[in-house]
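Data file: upload_11.tsv. Format and content: TSV, C-alpha atoms.
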chain	number	residue	atom	x	y	z
A	1	MET	CA	-9.18	-17.85	-3.69
A	2	LYS	CA	-7.08	-16.73	-0.69
A	3	PHE	CA	-6.88	-12.96	-0.11
A	4	SER	CA	-4.71	-10.99	2.25
A	5	ILE	CA	-5.01	-7.29	2.99
A	6	LEU	CA	-2.42	-4.73	4.13
A	7	ILE	CA	-3.75	-1.59	5.84
A	8	ASN	CA	-1.26	1.26	6.17
A	9	GLU	CA	-3.37	3.98	7.79
A	10	GLY	CA	-5.24	4.49	11.03
A	11	PRO	CA	-8.98	4.90	11.57
A	12	TYR	CA	-10.86	8.05	10.51
A	13	THR	CA	-7.99	10.21	9.24
A	14	HIS	CA	-7.77	8.25	5.99
A	15	GLU	CA	-10.46	6.29	4.17
A	16	ALA	CA	-8.08	3.32	3.88
A	17	SER	CA	-9.43	1.38	6.85
A	18	ASP	CA	-13.03	1.90	5.70
A	19	THR	CA	-12.29	0.83	2.13
A	20	ALA	CA	-10.37	-2.20	3.37
A	21	TYR	CA	-13.26	-3.17	5.64
A	22	GLN	CA	-15.85	-2.97	2.87
A	23	PHE	CA	-13.48	-4.88	0.59
A	24	ALA	CA	-12.94	-7.60	3.23
A	25	LYS	CA	-16.71	-8.02	3.66
A	26	ALA	CA	-17.16	-8.30	-0.10
A	27	VAL	CA	-14.37	-10.89	-0.34
A	28	LEU	CA	-16.12	-13.04	2.25
A	29	ALA	CA	-19.55	-12.48	0.67
A	30	LYS	CA	-18.17	-13.88	-2.59
A	31	GLY	CA	-17.11	-17.05	-0.82
A	32	HIS	CA	-13.37	-16.35	-0.90
A	33	GLU	CA	-11.08	-16.86	2.06
A	34	ILE	CA	-9.16	-14.14	3.91
A	35	PHE	CA	-5.77	-15.51	4.98
A	36	ARG	CA	-4.69	-12.46	6.99
A	37	ILE	CA	-5.27	-8.74	7.46
A	38	PHE	CA	-2.03	-6.98	8.38
A	39	PHE	CA	-1.87	-3.52	9.93
A	40	TYR	CA	1.31	-1.47	9.37
A	41	HIS	CA	2.47	2.15	9.83
A	42	ASP	CA	-0.38	4.11	11.42
A	43	GLY	CA	-2.65	1.19	10.50
A	44	VAL	CA	-1.81	-0.26	13.93
A	45	ASN	CA	-4.04	2.45	15.41
A	46	ASN	CA	-7.04	0.47	14.15
A	47	ALA	CA	-6.28	-1.88	17.05
A	48	THR	CA	-6.79	0.33	20.10
A	49	ARG	CA	-9.89	-0.53	22.11
A	50	LEU	CA	-9.92	2.94	23.69
A	51	THR	CA	-11.64	4.86	20.90
A	52	THR	CA	-14.99	6.55	21.55
A	53	PRO	CA	-16.23	7.71	18.16
A	54	PRO	CA	-19.46	9.73	18.00
A	55	GLN	CA	-22.61	7.60	18.42
A	56	ASP	CA	-23.93	8.58	15.00
A	57	ASP	CA	-20.82	7.50	13.13
A	58	ARG	CA	-19.28	4.11	12.36
A	59	ASN	CA	-17.13	2.48	15.03
A	60	ILE	CA	-14.12	1.40	12.99
A	61	VAL	CA	-12.26	-0.52	15.70
A	62	LYS	CA	-15.35	-2.36	16.90
A	63	ARG	CA	-16.27	-3.22	13.30
A	64	TRP	CA	-12.94	-4.94	12.78
A	65	SER	CA	-13.21	-6.84	16.08
A	66	GLU	CA	-16.72	-8.01	15.17
A	67	LEU	CA	-15.81	-9.05	11.62
A	68	ALA	CA	-12.82	-10.95	13.00
A	69	GLN	CA	-15.00	-12.76	15.47
A	70	GLN	CA	-17.79	-13.58	12.97
A	71	HIS	CA	-15.41	-14.97	10.38
A	72	ASN	CA	-12.47	-16.14	12.48
A	73	LEU	CA	-10.16	-13.63	10.78
A	74	ASP	CA	-6.47	-13.22	11.58
A	75	LEU	CA	-5.92	-9.51	12.29
A	76	VAL	CA	-2.22	-8.91	12.81
A	77	VAL	CA	-0.63	-5.69	14.04
A	78	CYS	CA	3.07	-5.19	13.32
A	79	VAL	CA	5.05	-5.26	16.58
A	80	ALA	CA	7.63	-2.63	15.58
A	81	ALA	CA	4.97	-0.22	14.30
A	82	ALA	CA	2.84	-0.92	17.41
A	83	GLN	CA	5.71	-0.20	19.77
A	84	ARG	CA	6.38	3.08	18.01
A	85	ARG	CA	2.74	4.16	18.26
A	86	GLY	CA	1.73	2.69	21.62
A	87	ILE	CA	-0.49	-0.27	20.81
A	88	VAL	CA	0.10	-2.69	23.66
A	89	ASP	CA	-1.01	-6.21	24.56
A	90	GLU	CA	-0.13	-8.23	27.70
A	91	GLY	CA	3.11	-9.50	26.25
A	92	GLU	CA	4.28	-6.08	25.09
A	93	MET	CA	3.25	-4.52	28.41
A	94	LYS	CA	5.48	-6.92	30.34
A	95	ARG	CA	8.32	-6.82	27.81
A	96	ASN	CA	8.51	-3.04	27.65
A	97	GLY	CA	7.55	-2.12	31.23
A	98	LYS	CA	4.25	-0.41	30.38
A	99	ASP	CA	1.47	0.05	32.92
A	100	ALA	CA	-1.47	-0.79	30.66
A	101	THR	CA	-2.66	-2.63	27.58
A	102	ASN	CA	-4.97	-1.15	24.97
A	103	ILE	CA	-5.35	-3.75	22.26
A	104	ALA	CA	-8.86	-4.38	20.94
A	105	PRO	CA	-10.39	-7.88	20.78
A	106	GLY	CA	-9.59	-9.89	17.71
A	107	PHE	CA	-6.20	-8.29	17.02
A	108	ARG	CA	-2.81	-9.85	17.78
A	109	ILE	CA	0.65	-8.27	17.71
A	110	SER	CA	3.31	-10.05	15.68
A	111	GLY	CA	6.29	-9.56	13.38
A	112	LEU	CA	6.63	-8.38	9.78
A	113	GLY	CA	7.26	-11.98	8.82
A	114	GLN	CA	3.49	-12.43	9.06
A	115	LEU	CA	3.08	-9.93	6.20
A	116	ILE	CA	5.64	-11.68	4.01
A	117	GLU	CA	4.03	-15.02	4.81
A	118	ALA	CA	0.67	-13.56	3.80
A	119	GLY	CA	2.18	-12.55	0.46
A	120	ILE	CA	3.59	-16.03	-0.03
A	121	GLN	CA	0.52	-18.01	1.05
A	122	SER	CA	-2.20	-15.86	-0.52
A	123	ASP	CA	-3.34	-15.69	-4.11
A	124	ARG	CA	-3.93	-11.95	-3.87
A	125	LEU	CA	-2.56	-9.25	-1.56
A	126	VAL	CA	-4.32	-5.87	-1.67
A	127	VAL	CA	-2.80	-2.76	-0.11
A	128	PHE	CA	-4.85	0.14	1.31
A	129	GLY	CA	-3.00	3.27	2.35
A	130	ASP	CA	-2.38	6.93	1.78
B	1	MET	CA	-2.24	-5.97	-13.66
B	2	LEU	CA	-4.89	-4.10	-11.73
B	3	HIS	CA	-3.68	-0.62	-10.77
B	4	ILE	CA	-5.55	0.86	-7.82
B	5	ILE	CA	-5.44	4.65	-7.40
B	6	ASN	CA	-6.97	6.40	-4.41
B	7	LYS	CA	-6.01	10.08	-4.65
B	8	SER	CA	-7.47	12.91	-6.66
B	9	PRO	CA	-5.41	13.71	-9.79
B	10	TYR	CA	-5.69	17.39	-8.89
B	11	ASP	CA	-4.00	16.71	-5.55
B	12	ARG	CA	-1.43	13.96	-6.11
B	13	PRO	CA	0.59	12.66	-9.05
B	14	ALA	CA	-0.23	8.98	-8.41
B	15	LEU	CA	-2.61	8.60	-11.36
B	16	ASN	CA	-0.19	10.36	-13.72
B	17	SER	CA	2.64	8.21	-12.47
B	18	ALA	CA	0.62	5.03	-13.01
B	19	LEU	CA	-0.45	6.13	-16.51
B	20	ALA	CA	3.17	6.92	-17.45
B	21	THR	CA	4.58	3.67	-16.07
B	22	ALA	CA	2.05	0.86	-16.22
B	23	ASP	CA	2.13	-1.56	-19.13
B	24	GLY	CA	-1.60	-1.57	-19.80
B	25	GLY	CA	-4.12	-3.59	-17.79
B	26	SER	CA	-6.89	-2.11	-15.67
B	27	ILE	CA	-7.13	0.97	-13.51
B	28	LEU	CA	-9.55	1.10	-10.60
B	29	LEU	CA	-10.26	4.54	-9.14
B	30	ILE	CA	-11.32	4.46	-5.48
B	31	GLU	CA	-11.72	7.01	-2.68
B	32	ASP	CA	-10.69	10.51	-3.85
B	33	ALA	CA	-9.40	9.17	-7.18
B	34	VAL	CA	-12.98	8.92	-8.43
B	35	TYR	CA	-12.71	12.64	-9.23
B	36	ALA	CA	-10.59	11.56	-12.21
B	37	ALA	CA	-13.60	9.68	-13.62
B	38	VAL	CA	-15.82	12.68	-13.84
B	39	LYS	CA	-16.90	14.79	-16.87
B	40	GLY	CA	-16.02	18.39	-17.30
B	41	GLY	CA	-12.75	18.55	-15.38
B	42	ALA	CA	-9.30	19.33	-16.73
B	43	GLU	CA	-8.31	15.70	-16.18
B	44	GLU	CA	-11.09	14.32	-18.41
B	45	SER	CA	-9.13	14.31	-21.66
B	46	LYS	CA	-6.19	12.55	-20.02
B	47	LEU	CA	-8.43	9.75	-18.76
B	48	LYS	CA	-10.16	9.43	-22.14
B	49	ALA	CA	-6.76	9.13	-23.82
B	50	ALA	CA	-5.77	6.43	-21.32
B	51	MET	CA	-8.79	4.31	-22.35
B	52	GLY	CA	-6.88	3.27	-25.43
B	53	LYS	CA	-4.36	1.47	-23.23
B	54	PHE	CA	-6.27	0.66	-20.03
B	55	LYS	CA	-9.72	-0.49	-18.97
B	56	ILE	CA	-10.89	2.08	-16.46
B	57	TYR	CA	-13.15	1.42	-13.49
B	58	ALA	CA	-14.48	3.60	-10.68
B	59	LEU	CA	-15.94	2.57	-7.33
B	60	ALA	CA	-19.65	3.40	-7.10
B	61	SER	CA	-19.84	4.07	-3.38
B	62	ASP	CA	-17.01	6.62	-3.51
B	63	LEU	CA	-18.64	8.43	-6.49
B	64	GLU	CA	-21.96	8.53	-4.62
B	65	ALA	CA	-20.37	9.70	-1.37
B	66	ARG	CA	-18.91	12.67	-3.22
B	67	GLY	CA	-22.06	13.50	-5.18
B	68	MET	CA	-20.34	12.70	-8.48
B	69	ALA	CA	-22.19	9.57	-9.64
B	70	ASP	CA	-24.29	11.49	-12.17
B	71	ARG	CA	-21.42	12.69	-14.34
B	72	VAL	CA	-19.12	9.76	-14.98
B	73	ILE	CA	-17.06	9.88	-18.18
B	74	ASP	CA	-18.42	7.55	-20.88
B	75	GLY	CA	-16.30	4.47	-21.11
B	76	VAL	CA	-15.53	4.28	-17.38
B	77	THR	CA	-17.15	1.19	-15.84
B	78	VAL	CA	-18.66	1.86	-12.42
B	79	VAL	CA	-18.33	-1.11	-10.05
B	80	ASP	CA	-19.47	-1.93	-6.55
B	81	TYR	CA	-17.36	-3.75	-3.94
B	82	ALA	CA	-18.32	-7.14	-5.40
B	83	GLY	CA	-16.97	-5.86	-8.71
B	84	PHE	CA	-13.82	-4.66	-6.91
B	85	VAL	CA	-13.26	-8.17	-5.57
B	86	ASP	CA	-13.78	-9.65	-9.05
B	87	LEU	CA	-11.25	-7.23	-10.52
B	88	VAL	CA	-8.64	-8.31	-7.98
B	89	ALA	CA	-9.43	-11.99	-8.56
B	90	ASP	CA	-9.27	-11.63	-12.36
B	91	HIS	CA	-5.83	-10.00	-12.45
B	92	LYS	CA	-2.72	-11.97	-11.50
B	93	THR	CA	-1.42	-9.06	-9.40
B	94	CYS	CA	-2.60	-5.70	-8.16
B	95	GLN	CA	-0.63	-2.58	-7.32
B	96	SER	CA	-1.81	0.31	-5.16
B	97	TRP	CA	-0.26	3.62	-6.23
B	98	LEU	CA	-0.09	5.34	-2.84
C	1	MET	CA	8.77	-22.76	0.88
C	2	THR	CA	7.40	-21.17	-2.28
C	3	THR	CA	9.53	-18.43	-3.81
C	4	LYS	CA	7.59	-15.50	-5.15
C	5	LYS	CA	8.73	-12.34	-6.90
C	6	PHE	CA	8.15	-9.50	-4.43
C	7	MET	CA	8.54	-5.93	-5.66
C	8	PHE	CA	8.65	-3.04	-3.21
C	9	VAL	CA	7.59	0.19	-4.91
C	10	ASN	CA	9.02	3.33	-3.32
C	11	ARG	CA	7.53	6.63	-4.45
C	12	LYS	CA	7.90	8.83	-1.38
C	13	ALA	CA	10.72	11.04	-0.12
C	14	PRO	CA	12.59	10.12	3.07
C	15	TYR	CA	11.98	11.73	6.48
C	16	GLY	CA	8.92	13.84	5.56
C	17	THR	CA	6.97	10.66	6.23
C	18	ILE	CA	7.96	7.31	7.76
C	19	TYR	CA	7.03	5.20	4.74
C	20	ALA	CA	10.55	5.01	3.31
C	21	TRP	CA	12.07	3.68	6.51
C	22	GLU	CA	9.26	1.34	7.51
C	23	ALA	CA	9.20	-0.04	3.95
C	24	LEU	CA	12.90	-0.85	4.26
C	25	GLU	CA	12.15	-2.79	7.45
C	26	VAL	CA	9.79	-5.01	5.44
C	27	VAL	CA	12.44	-5.51	2.73
C	28	LEU	CA	14.91	-6.86	5.29
C	29	ILE	CA	12.33	-9.35	6.57
C	30	ALA	CA	11.50	-10.46	3.02
C	31	ALA	CA	15.19	-11.27	2.55
C	32	ALA	CA	15.07	-13.57	5.57
C	33	PHE	CA	12.24	-15.47	3.86
C	34	GLU	CA	14.45	-16.04	0.80
C	35	GLN	CA	12.02	-14.47	-1.62
C	36	ASP	CA	12.97	-12.97	-5.00
C	37	VAL	CA	13.03	-9.32	-3.97
C	38	SER	CA	13.31	-6.20	-6.14
C	39	LEU	CA	13.05	-2.58	-5.14
C	40	ALA	CA	11.69	0.04	-7.53
C	41	PHE	CA	12.22	3.75	-6.92
C	42	LEU	CA	10.05	6.21	-8.81
C	43	ASP	CA	8.89	9.80	-8.37
C	44	ASP	CA	10.09	11.16	-5.00
C	45	GLY	CA	11.18	7.65	-4.00
C	46	VAL	CA	14.48	8.29	-5.78
C	47	TYR	CA	15.34	10.82	-3.08
C	48	GLN	CA	15.55	7.93	-0.58
C	49	LEU	CA	18.75	6.79	-2.31
C	50	LYS	CA	20.48	10.18	-2.32
C	51	LYS	CA	23.83	9.95	-0.54
C	52	GLY	CA	24.84	12.22	2.31
C	53	HIS	CA	21.85	12.04	4.64
C	54	ASN	CA	22.71	14.09	7.73
C	55	THR	CA	19.81	13.80	10.13
C	56	LYS	CA	21.45	15.15	13.27
C	57	ALA	CA	19.56	18.44	13.27
C	58	ILE	CA	16.17	16.80	12.68
C	59	GLU	CA	17.02	14.30	15.44
C	60	THR	CA	15.80	11.39	13.37
C	61	LYS	CA	17.56	8.10	12.79
C	62	ALA	CA	19.23	8.07	9.36
C	63	PHE	CA	18.88	4.99	7.22
C	64	GLU	CA	21.34	5.64	4.41
C	65	LYS	CA	23.68	2.92	5.71
C	66	THR	CA	20.93	0.33	5.30
C	67	TRP	CA	21.13	0.61	1.50
C	68	GLY	CA	24.70	-0.62	1.70
C	69	ALA	CA	23.66	-3.48	3.98
C	70	LEU	CA	21.09	-4.84	1.49
C	71	GLU	CA	23.83	-6.63	-0.42
C	72	ASP	CA	24.60	-8.74	2.68
C	73	TYR	CA	20.98	-9.86	2.56
C	74	ASP	CA	21.29	-10.84	-1.12
C	75	ILE	CA	19.08	-7.94	-2.16
C	76	THR	CA	20.78	-6.54	-5.21
C	77	LYS	CA	17.91	-5.68	-7.56
C	78	LEU	CA	17.41	-1.97	-7.14
C	79	TYR	CA	15.74	-0.18	-10.05
C	80	VAL	CA	15.41	3.55	-10.46
C	81	ALA	CA	13.17	5.38	-12.96
C	82	LYS	CA	15.29	7.51	-15.28
C	83	GLU	CA	12.59	10.13	-15.74
C	84	SER	CA	12.30	10.56	-11.96
C	85	LEU	CA	16.05	11.15	-11.63
C	86	ASP	CA	16.11	13.59	-14.55
C	87	GLU	CA	13.10	15.58	-13.27
C	88	ARG	CA	14.88	16.05	-9.97
C	89	GLY	CA	18.28	16.93	-11.39
C	90	LEU	CA	19.85	13.76	-10.01
C	91	THR	CA	22.27	11.30	-11.55
C	92	THR	CA	23.47	7.90	-10.37
C	93	ASP	CA	26.56	9.69	-8.99
C	94	ASP	CA	24.25	11.23	-6.39
C	95	LEU	CA	23.07	7.85	-5.14
C	96	ALA	CA	24.36	5.92	-2.14
C	97	VAL	CA	24.42	2.49	-3.84
C	98	PRO	CA	24.67	1.03	-7.34
C	99	VAL	CA	21.31	0.80	-9.07
C	100	GLU	CA	19.95	-0.16	-12.46
C	101	VAL	CA	18.36	2.80	-14.23
C	102	LEU	CA	15.30	1.94	-16.32
C	103	SER	CA	12.77	4.01	-18.18
C	104	ARG	CA	9.27	4.14	-16.68
C	105	ALA	CA	8.08	1.94	-19.52
C	106	GLU	CA	10.73	-0.68	-18.75
C	107	LEU	CA	9.85	-0.48	-15.07
C	108	GLY	CA	6.20	-0.99	-15.97
C	109	LYS	CA	7.07	-4.18	-17.83
C	110	LEU	CA	9.15	-5.39	-14.88
C	111	MET	CA	6.18	-4.79	-12.59
C	112	GLU	CA	4.12	-7.15	-14.76
C	113	GLU	CA	6.53	-9.98	-13.92
C	114	GLN	CA	5.96	-9.71	-10.18
C	115	ASP	CA	3.79	-11.96	-8.01
C	116	VAL	CA	3.34	-9.49	-5.15
C	117	ILE	CA	3.70	-5.71	-5.24
C	118	LEU	CA	3.95	-3.86	-1.94
C	119	SER	CA	3.55	-0.09	-1.66
C	120	PHE	CA	3.71	2.01	1.45

Translate the structure described by the file into structure tokens.
Amino acid sequence: MKFSILINEGPYTHEASDTAYQFAKAVLAKGHEIFRIFFYHDGVNNATRLTTPPQDDRNIVKRWSELAQQHNLDLVVCVAAAQRRGIVDEGEMKRNGKDATNIAPGFRISGLGQLIEAGIQSDRLVVFGD
Amino acid sequence: MLHIINKSPYDRPALNSALATADGGSILLIEDAVYAAVKGGAEESKLKAAMGKFKIYALASDLEARGMADRVIDGVTVVDYAGFVDLVADHKTCQSWL
Amino acid sequence: MTTKKFMFVNRKAPYGTIYAWEALEVVLIAAAFEQDVSLAFLDDGVYQLKKGHNTKAIETKAFEKTWGALEDYDITKLYVAKESLDERGLTTDDLAVPVEVLSRAELGKLMEEQDVILSF
């Protein structure tokens, strides 16, 4: 079965990103496919590579990057939400005249159409938020 | 439908709203919503009443995290993440009451 | 392209959080994909539809006009929970656009017909 996941909240402040991560791992462990994981609202903050969480706690951003790499996952960050909150890749840096990028490995910035497409193409879409 | 609730019933009206609106199906309590699945609280009778209309599940890891795994209301099925995935797979649609 | 029934469930008030506005942005995109879109407003979500938003003093972009624009996108299925209106002392006269008022129970049944339910 094809699953997609929508994550509406950023790392640490809400449990949403943690729950979604554990859910994603369990989906894969069961042999299902993950079509896309879409980050919206403050969820885009899961995609900054500049976090330095305490050593004795989980590294939420790194965990997503690693899971994406291990399983070839499509982690998509909404462009409008990213612009609002300052998540920047090369393209956005040039387009909006910023002096830096901060996007973590494994994430890409794209439009809301990717979320709708995920809803259309997947068998199940699960939302994690506040 | 699988209805996913993630907030404590003492804090937010999401569970009440779901119970008053949803047309049966299953309810999965995750994150802070697991407090609804616990004996002895004011919300216990409401959840027990809901069992007539819904199958009620609670996520094990969130109960354990909060030190509440030893007092789950009888009739609530405790599931792990594999069980969570199965619940989503077994229902045509799911709705998160945020 | 497959057509699915997408329902957007709105339960939060406008402006106190961004969910109402950013949810609307998704609705507009869903229209472009020619999906079968409905919007459900329950609990504090009904406040999103209240007419007369004046956001000048809070210096925030108002989105009341967008409700009127939905029709141009062929999004006409807006459902409001009667109990939520009543609890808040609102009537359909208070709302910015025409809606269909349903009981929570009727809304619950409508939810069962959907393929994808998005909440924010």

**Q.** Atomic separation - atom CA of Gly10 of chain A relative to atom CA of Asp74 of chain A, Å
**A.** 17.8 Å

Q. Which residues come within 7 Å of segment 103-112 of chain A, counting all atoms listed in the file, excluding same-chain residues fewer than 6 positions away, as a PyMOL selection string?
A. (chain A and resi 47-49+65+68-69+75-79+87-89) or (chain C and resi 26+29)

Q: Give me, please, the distance in Å between atom CA of Thr93 of chain B and atom CA of Leu110 of chain C, quoted to one decimal.
A: 12.5 Å

Q: Please provide as number ranges by chain all residues within 8 Å of Arg85 of chain A, with the sequence filter that same-chain residues fewer than 6 positions apart are discarded (counting all atoms listed in the file).
A: A: 42, 44-45

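With the cut-off set to 8 Å and only C-alpha atoms counted, chain C residues close to chain A are C:Thr2, C:Thr3, C:Lys4, C:Ile18, C:Tyr19, C:Glu22, C:Val26, C:Ile29, C:Ala30, C:Phe33, C:Val116, C:Leu118, C:Ser119, C:Phe120.
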
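When all atoms listed in the file are used to compute distances to chain B, the closest of the residues C:Lys77, C:Arg88, C:Lys82, C:Lys65 turns out to be C:Lys82.
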
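Taking atom CA of Phe35 of chain A and atom CA of Asn102 of chain A as the two end points, the separation is 24.6 Å.
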
(Q) Env of Val99 of chain C: 12 Å cut, atoms = all atoms listed in the file, seq-sep filter 4 positions within chain, self excluded. Answer as a list in words. (A) Ser38, Leu39, Ala40, Phe41, Val46, Leu49, Lys50, Trp67, Gly68, Leu70, Glu71, Ile75, Thr76, Lys77, Leu78, Tyr79, Val80, Ala81, Lys82, Leu85, Thr91, Thr92, Asp93, Asp94 and Leu95 of chain C

Set out as a Markdown table a contact list for chain B and chain A with a cut-off of 10 Å, giving each residue of chain B that qualifies its closest atom pair and distance in Å to one decimal, counting all atoms listed in the file, ordered by chain and rising residue number.
| residue | atom | partner | partner_atom | distance |
| --- | --- | --- | --- | --- |
| B:Ile4 | CA | A:Val127 | CA | 9.0 |
| B:Ile5 | CA | A:Phe128 | CA | 9.8 |
| B:Asn6 | CA | A:Asp130 | CA | 7.7 |
| B:Lys7 | CA | A:Asp130 | CA | 8.0 |
| B:Ile30 | CA | A:Thr19 | CA | 8.5 |
| B:Glu31 | CA | A:Glu15 | CA | 7.0 |
| B:Asp32 | CA | A:Glu15 | CA | 9.1 |
| B:Ser61 | CA | A:Thr19 | CA | 9.9 |
| B:Asp62 | CA | A:Thr19 | CA | 9.4 |
| B:Asp80 | CA | A:Ala26 | CA | 9.4 |
| B:Tyr81 | CA | A:Ala26 | CA | 6.0 |
| B:Ala82 | CA | A:Ala26 | CA | 5.5 |
| B:Gly83 | CA | A:Ala26 | CA | 9.0 |
| B:Phe84 | CA | A:Phe23 | CA | 7.5 |
| B:Val85 | CA | A:Val27 | CA | 6.0 |
| B:Asp86 | CA | A:Val27 | CA | 8.8 |
| B:Val88 | CA | A:Arg124 | CA | 7.2 |
| B:Ala89 | CA | A:Arg124 | CA | 7.2 |
| B:His91 | CA | A:Arg124 | CA | 9.0 |
| B:Lys92 | CA | A:Arg124 | CA | 7.7 |
| B:Thr93 | CA | A:Arg124 | CA | 6.7 |
| B:Cys94 | CA | A:Val126 | CA | 6.7 |
| B:Gln95 | CA | A:Val126 | CA | 7.5 |
| B:Ser96 | CA | A:Val127 | CA | 6.0 |
| B:Trp97 | CA | A:Asp130 | CA | 8.9 |
| B:Leu98 | CA | A:Asp130 | CA | 5.4 |

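Among B:Ala65, B:Leu87, B:Leu19, B:Met51, the residue with the shortest atom-to-atom distance to chain C, counting only C-alpha atoms, is B:Leu19.
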
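The closest residue to chain B, picked from C:Ala105, C:Ala57, C:Leu90, C:Ala31 and counting only C-alpha atoms, is C:Ala105.
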
Grab all the atoms of segment 123-129 of chain A that the file lists, wrap them in a box along x, y and z, add 5 Å per side, and give me centre plus edge lengths in Å (one decimal) as lines of an AutoDock Vina configuration file.
center_x = -3.7
center_y = -6.2
center_z = -0.9
size_x = 12.3
size_y = 29.0
size_z = 16.5

What are the closest atom pairs, with distances in Å to one decimal, for each residue of chain B lying within 6 Å of chain C, using only C-alpha atoms, rows by chain and rising residue number, as a tab-separated table?
residue	atom	partner	partner_atom	distance
B:Thr21	CA	C:Arg104	CA	4.8
B:Ala22	CA	C:Gly108	CA	4.6
B:Asp23	CA	C:Gly108	CA	5.2
B:Gln95	CA	C:Ile117	CA	5.7

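Of the residues listed (B:Asp90, B:Ile56, B:Lys46, B:Ile73), B:Lys46 shows the shortest atom-to-atom separation from Ala20 of chain B; distances use only C-alpha atoms.
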